[in-house]
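Here is the structure we will look at.
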Amino acid sequence: MEQKINSHLSRRSLLTLAISSFLAAGCEQVPKTKLEVAAATLPEHTTTAAKTSKDNGPKPAGTGFAYDEIYAALTDGGFDVPAVNYRAIDPQYLRQEVEYITAEPAYSIVVDTNERFLYWVLPRGRAIRYGVGLGTQGRSWKGRAVVQWKQKWPRWKAPDDMIARNPELKPYGVEAGGMAPGPRNPLGARAMYIFQNGKDTLYRIHGSPSWRTIGKNSSSGCVRMLMHDAIDLYDRVKGKTPLLVI
């Protein structure tokens, strides 16, 4: 009996470790050249955003958002989403409205990989800015694409190459139907699927249960957001939305 218990705990520990490794890695990988080729032909893109710092960080009264409210615990789609400990996050990565001068059209998305910001472009030189987690050096991508599809509480399906490295993830593979939706699912509460030339790039803009990764380079290329911010952006995105990653 003791041997069976130890064996069960060992398998469970390996599975937890494998999923935790995914949370640190992000989502499915595709060759980085897929979007970087397009990036080489992009026109020069210059922007000016409102300056923030740790000492001069955004406050609720100055951003248009009351953080105690927008990052509070909520129930969505039958799932409980815990409150965000936003005071533990660098304030520049919290949702805020900023000045943003860009040639990109209103109601499009710009992801700044250097600053780790996602901008939802508004008219008249303004934008909603969100902090994001991005790909590690050598895995990040740039280019033009389209958010062509989106889904609430998506299933996560472990790609074959990940299963090859972590066999314990086989129950969450494509053939098995993936991991059920929920707060612990690596894609979180919302996923916005990035397409280029009509094809799925396998990159996503998605919510993440790992709020500590926001503002850091820690994924395989996908764009991670706080769960509450992913829900907010999801509601703003309508139809095929232009996306520029710079």
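In the structure tokens, chains take letters A, B, ... by order of appearance, with residues numbered from 1 within each chain and ligands from 1 in the order shown.
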List as JSON lines every residue of region 52-140 of chain A that is in contact with region 174-191 of chain A, defined as an atom at most 8 Å from one of its atoms (using only C-alpha atoms), together with the nearest atom pair and the distance in Å rounded to one decimal, sorted by chain and then rising number.
{"residue": "A:Phe79", "atom": "CA", "partner": "A:Gly182", "partner_atom": "CA", "distance": 6.5}
{"residue": "A:Asp80", "atom": "CA", "partner": "A:Pro183", "partner_atom": "CA", "distance": 7.3}
{"residue": "A:Val81", "atom": "CA", "partner": "A:Pro183", "partner_atom": "CA", "distance": 6.5}
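Using only C-alpha atoms for every distance, the candidate list A:Leu118, A:Thr213, A:Thr241, A:Thr136 yields A:Thr213 as the residue closest to Ile89 (chain A).
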Exercise for the section: Identify, with DSSP run on backbone atoms, the residues in region 198-238 of chain A assigned to helix (DSSP H, G or I), and express the list as a ChimeraX atom specification. Expected result: /A:211-213,227-236
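In this comparison, which uses only C-alpha atoms, the residue of A:Met225, A:Ala103, A:Leu134, A:Leu94 approaching Leu122 (chain A) most closely is A:Ala103.
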Problem - All strand (DSSP E or B) positions in region 112-240 of chain A, as a VMD selection string - result: chain A and resid 112 117 to 122 126 to 131 133 to 135 143 to 152 156 158 173 179 190 to 196 199 to 208 217 to 219 223 to 226
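The space between CA of Gln151 (chain A) and CA of Ala106 (chain A) spans 22.5 Å.
CA of Ser218 (chain A) lies 5.5 Å from CA of Gly135 (chain A).
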